[in-house]
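Undergrad: Can you read through this structure? Questions will come right after.
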Amino acid sequence: MQVRVQDTPFDFGAEANRFAAGAGGAGAVVTFTGVVRDAAAGAMTVMEIEHYPGMTEKALQQIAAQACARWELTDTLVIHRYGRLQPGDQIMMVATAARHRVAAFEAAEYLMDYLKSRAPFWKKEILADGAADWVAAKEADEDALTRW
Amino acid sequence: MDVLYFAWVRERIGLPKERVETTAVTVAELIEELVARDDRYAAAFADLSALRVALDQELAEFDAPLLGVREVAFFPPMTGG
């Protein structure tokens, strides 16, 4: 189980390959990558991600541990960036490894659902004209937790 | 105790962190004390349904006791991922 919170970019391909190579006995590896979307259709220049150092790492560890308790996973990886990102940049990734694909898929979705609403990150969109807006949490993201 | 603010809560109050001496028994009482200070706090805490609180880096409820707590953090609902 690995959790990393960093301001620097990560190499998704290299991370996925290293994870798959180290996931001993796994027959299935699932990865998901979140990419900065330009919600303002061309107007957004920067997405600033703030987080709560200390609590962030703890919350991600807890979420990953819950996934490991619920599914038979051989390994999990969570990487989440903070700081200033641009549209097209990769914000975060999760990877799960299991003997069979159902567990790997479900655990990856579980990690994503919890990470969106229970890990202390906040996104701010900075537009070309200098205006800035905090991204509001979506009710659908909170509702997504009820399925688990 | 240390009180931390994040995202727009930090911006409204105008600082990321402060040391607060308080006799408040619960989070709600601490909020009442802060709101009484000035308009910046009143603006930040105007709608508690838009706020979350963590005690020593664990999510908590507003009626949670502060006994033994060293770090309180206020922030909007999280938007990770």
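Please note that chains go A, B, ... in the order of the structure tokens, that every chain numbers its residues from 1, and that ligands are numbered from 1 in the order shown.
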Tell me, as a list in words, which residues lie within 6 Å of stretch 44-61 of chain B, counting only C-alpha atoms; anything in the same chain fewer than 4 positions away does not count.

TA: Met55 of chain A; Val9, Arg12, Glu71, Val72, Ala73, Phe74, Phe75 and Pro76 of chain B

Undergrad: For the selection you just gave me, I'd like the residues written to a file as a short mmCIF file (atom, residue, chain, number, x, y, z; two decimals), in the first residue's frame, keeping N, CA and C atoms.

TA:
```cif
data_model
loop_
_atom_site.label_atom_id
_atom_site.label_comp_id
_atom_site.auth_asym_id
_atom_site.auth_seq_id
_atom_site.Cartn_x
_atom_site.Cartn_y
_atom_site.Cartn_z
N MET A 55 -3.11 15.67 7.48
CA MET A 55 -4.42 15.00 7.41
C MET A 55 -4.59 14.32 6.06
N VAL B 9 -12.51 29.44 3.41
CA VAL B 9 -12.59 29.79 4.84
C VAL B 9 -11.33 30.58 5.22
N ARG B 12 -11.60 34.09 3.63
CA ARG B 12 -12.54 35.00 4.30
C ARG B 12 -11.99 35.50 5.63
N GLU B 71 -5.57 20.38 17.67
CA GLU B 71 -5.66 21.04 16.36
C GLU B 71 -7.08 20.94 15.82
N VAL B 72 -7.67 22.11 15.56
CA VAL B 72 -9.01 22.17 14.97
C VAL B 72 -8.87 22.77 13.58
N ALA B 73 -9.52 22.20 12.59
CA ALA B 73 -9.44 22.76 11.23
C ALA B 73 -10.84 22.94 10.67
N PHE B 74 -11.06 24.10 10.04
CA PHE B 74 -12.34 24.38 9.38
C PHE B 74 -12.10 24.52 7.89
N PHE B 75 -12.97 23.91 7.09
CA PHE B 75 -12.81 23.97 5.63
C PHE B 75 -14.12 23.64 4.94
N PRO B 76 -14.23 23.97 3.64
CA PRO B 76 -15.42 23.60 2.89
C PRO B 76 -15.41 22.11 2.55
#
```

Undergrad: Show me a table, sorted first by chain and then by increasing residue number, of the residues of chain A having an atom at most 6 Å from chain B, each with its shortest atom pair and the distance in Å to one decimal, counting only C-alpha atoms and written as a Markdown table.

TA:
```
| residue | atom | partner | partner_atom | distance |
| --- | --- | --- | --- | --- |
| A:Met55 | CA | B:Gln57 | CA | 4.9 |
| A:Lys116 | CA | B:Gly80 | CA | 4.3 |
| A:Ser117 | CA | B:Met78 | CA | 5.3 |
| A:Pro120 | CA | B:Met78 | CA | 5.5 |
| A:Phe121 | CA | B:Gly80 | CA | 4.8 |
| A:Trp122 | CA | B:Thr79 | CA | 4.9 |
| A:Ala137 | CA | B:Thr79 | CA | 5.6 |
```

Undergrad: Can you tell me, as number ranges by chain, what residues are no more than 12 Å from A:Glu72 when counting only C-alpha atoms, ignoring any on the same chain fewer than 6 positions away?

TA: A: 25-28, 65-66, 96-107

Undergrad: Go ahead and save the residues from that selection, with C-alpha atoms, as a PDB file, in the first residue's frame.

TA:
```pdb
ATOM      1  CA  GLY A  25       0.452 -12.904  -7.779  1.00  0.00           C
ATOM      2  CA  ALA A  26      -2.037 -10.424  -9.200  1.00  0.00           C
ATOM      3  CA  GLY A  27      -3.971 -11.437 -12.278  1.00  0.00           C
ATOM      4  CA  ALA A  28      -5.521  -8.000 -12.622  1.00  0.00           C
ATOM      5  CA  ALA A  65      -6.604   0.477   4.229  1.00  0.00           C
ATOM      6  CA  GLN A  66     -10.409   0.289   4.063  1.00  0.00           C
ATOM      7  CA  THR A  96      -5.211  -1.599  -7.563  1.00  0.00           C
ATOM      8  CA  ALA A  97      -3.945  -5.148  -8.007  1.00  0.00           C
ATOM      9  CA  ALA A  98      -5.887  -8.301  -7.222  1.00  0.00           C
ATOM     10  CA  ARG A  99      -6.065 -11.941  -8.275  1.00  0.00           C
ATOM     11  CA  HIS A 100      -9.248 -11.225 -10.227  1.00  0.00           C
ATOM     12  CA  ARG A 101     -10.466  -8.166 -12.085  1.00  0.00           C
ATOM     13  CA  VAL A 102     -13.777  -7.583 -10.268  1.00  0.00           C
ATOM     14  CA  ALA A 103     -12.004  -6.831  -6.986  1.00  0.00           C
ATOM     15  CA  ALA A 104      -9.463  -4.592  -8.743  1.00  0.00           C
ATOM     16  CA  PHE A 105     -12.173  -2.592 -10.583  1.00  0.00           C
ATOM     17  CA  GLU A 106     -14.424  -2.235  -7.544  1.00  0.00           C
ATOM     18  CA  ALA A 107     -11.600  -1.239  -5.223  1.00  0.00           C
TER      19      ALA A 107
END
```

Undergrad: Can you list, as JSON, numbers by chain, every protein, DNA or RNA residue that comes within 12 Å of A:Gly42 when you count only C-alpha atoms, leaving out same-chain residues fewer than 3 positions away?

TA: {"A": [37, 38, 39, 45, 46, 86, 87, 88, 125, 126, 127, 128, 129]}

Undergrad: Check stretch 20-116 of chain A with DSSP on the backbone and list each residue it calls strand (DSSP E or B), as a ChimeraX atom specification.

TA: /A:28-35,44-51,73-81,83-85,90-98

Undergrad: For those residues, write N, CA and C atoms to a file as a compact mmCIF listing (two decimals), in the first residue's frame.

TA:
```
# COMPACT_ATOMS: atom_id res chain seq x y z
N ALA A 28 -4.84 -9.18 -12.10
CA ALA A 28 -5.52 -8.00 -12.62
C ALA A 28 -4.94 -6.74 -12.01
N VAL A 29 -4.64 -5.76 -12.85
CA VAL A 29 -4.20 -4.44 -12.38
C VAL A 29 -5.12 -3.41 -13.03
N VAL A 30 -5.75 -2.59 -12.20
CA VAL A 30 -6.61 -1.52 -12.72
C VAL A 30 -5.98 -0.19 -12.35
N THR A 31 -5.92 0.74 -13.31
CA THR A 31 -5.41 2.09 -13.01
C THR A 31 -6.43 3.12 -13.44
N PHE A 32 -6.45 4.23 -12.72
CA PHE A 32 -7.29 5.37 -13.10
C PHE A 32 -6.43 6.63 -12.95
N THR A 33 -6.55 7.53 -13.91
CA THR A 33 -5.84 8.82 -13.80
C THR A 33 -6.84 9.95 -13.96
N GLY A 34 -6.77 10.93 -13.07
CA GLY A 34 -7.60 12.13 -13.18
C GLY A 34 -6.80 13.22 -13.88
N VAL A 35 -7.45 13.88 -14.85
CA VAL A 35 -6.78 14.92 -15.64
C VAL A 35 -7.50 16.24 -15.41
N MET A 44 -10.02 28.75 -18.46
CA MET A 44 -9.24 28.45 -17.26
C MET A 44 -7.76 28.30 -17.58
N THR A 45 -6.92 29.00 -16.87
CA THR A 45 -5.49 28.92 -17.13
C THR A 45 -4.77 28.05 -16.10
N VAL A 46 -5.26 28.11 -14.85
CA VAL A 46 -4.59 27.37 -13.78
C VAL A 46 -5.62 26.74 -12.86
N MET A 47 -5.33 25.51 -12.43
CA MET A 47 -6.12 24.94 -11.34
C MET A 47 -5.19 24.80 -10.14
N GLU A 48 -5.58 25.49 -9.05
CA GLU A 48 -4.76 25.45 -7.85
C GLU A 48 -5.36 24.46 -6.88
N ILE A 49 -4.55 23.53 -6.42
CA ILE A 49 -5.05 22.52 -5.48
C ILE A 49 -4.40 22.73 -4.13
N GLU A 50 -5.26 23.00 -3.15
CA GLU A 50 -4.80 23.20 -1.77
C GLU A 50 -5.06 21.91 -1.01
N HIS A 51 -4.24 21.61 -0.03
CA HIS A 51 -4.55 20.43 0.79
C HIS A 51 -4.13 20.68 2.23
N LEU A 73 -6.82 -7.49 -2.11
CA LEU A 73 -5.92 -6.80 -3.01
C LEU A 73 -4.49 -7.21 -2.70
N THR A 74 -3.69 -7.34 -3.74
CA THR A 74 -2.28 -7.64 -3.47
C THR A 74 -1.50 -6.33 -3.28
N ASP A 75 -2.05 -5.21 -3.80
CA ASP A 75 -1.39 -3.91 -3.59
C ASP A 75 -2.32 -2.78 -4.02
N THR A 76 -2.07 -1.58 -3.48
CA THR A 76 -2.77 -0.38 -3.93
C THR A 76 -1.77 0.77 -4.00
N LEU A 77 -2.06 1.71 -4.88
CA LEU A 77 -1.22 2.91 -5.01
C LEU A 77 -2.13 4.11 -5.19
N VAL A 78 -1.87 5.17 -4.43
CA VAL A 78 -2.58 6.44 -4.63
C VAL A 78 -1.54 7.55 -4.74
N ILE A 79 -1.60 8.33 -5.81
CA ILE A 79 -0.75 9.51 -5.95
C ILE A 79 -1.68 10.70 -6.19
N HIS A 80 -1.51 11.78 -5.44
CA HIS A 80 -2.34 12.97 -5.64
C HIS A 80 -1.43 14.20 -5.60
N ARG A 81 -1.59 15.05 -6.59
CA ARG A 81 -0.78 16.28 -6.63
C ARG A 81 -1.50 17.44 -5.95
N GLY A 83 -0.89 22.06 -5.57
CA GLY A 83 -0.17 23.18 -6.17
C GLY A 83 -0.85 23.65 -7.44
N ARG A 84 -0.07 24.28 -8.34
CA ARG A 84 -0.65 24.88 -9.54
C ARG A 84 -0.54 23.92 -10.72
N LEU A 85 -1.69 23.56 -11.29
CA LEU A 85 -1.73 22.66 -12.45
C LEU A 85 -2.43 23.37 -13.60
N GLN A 90 -2.04 15.77 -15.33
CA GLN A 90 -2.58 14.68 -14.52
C GLN A 90 -2.56 15.09 -13.05
N ILE A 91 -3.74 15.05 -12.41
CA ILE A 91 -3.85 15.45 -11.00
C ILE A 91 -3.51 14.30 -10.08
N MET A 92 -4.03 13.14 -10.40
CA MET A 92 -3.91 12.03 -9.46
C MET A 92 -4.03 10.70 -10.19
N MET A 93 -3.62 9.64 -9.53
CA MET A 93 -3.87 8.30 -10.07
C MET A 93 -4.10 7.33 -8.91
N VAL A 94 -4.88 6.30 -9.21
CA VAL A 94 -4.96 5.17 -8.28
C VAL A 94 -4.65 3.91 -9.09
N ALA A 95 -4.10 2.93 -8.41
CA ALA A 95 -3.89 1.62 -9.03
C ALA A 95 -4.24 0.57 -7.99
N THR A 96 -4.87 -0.49 -8.46
CA THR A 96 -5.21 -1.60 -7.56
C THR A 96 -4.78 -2.90 -8.25
N ALA A 97 -4.33 -3.84 -7.47
CA ALA A 97 -3.95 -5.15 -8.01
C ALA A 97 -4.63 -6.23 -7.19
N ALA A 98 -5.18 -7.21 -7.89
CA ALA A 98 -5.89 -8.30 -7.22
C ALA A 98 -5.74 -9.56 -8.07
```

Undergrad: Atom CA of A:Ala119 and atom CA of A:Leu60 are how many Å apart?

TA: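 We find that atom CA of A:Ala119 and atom CA of A:Leu60 lie 6.3 Å from each other.
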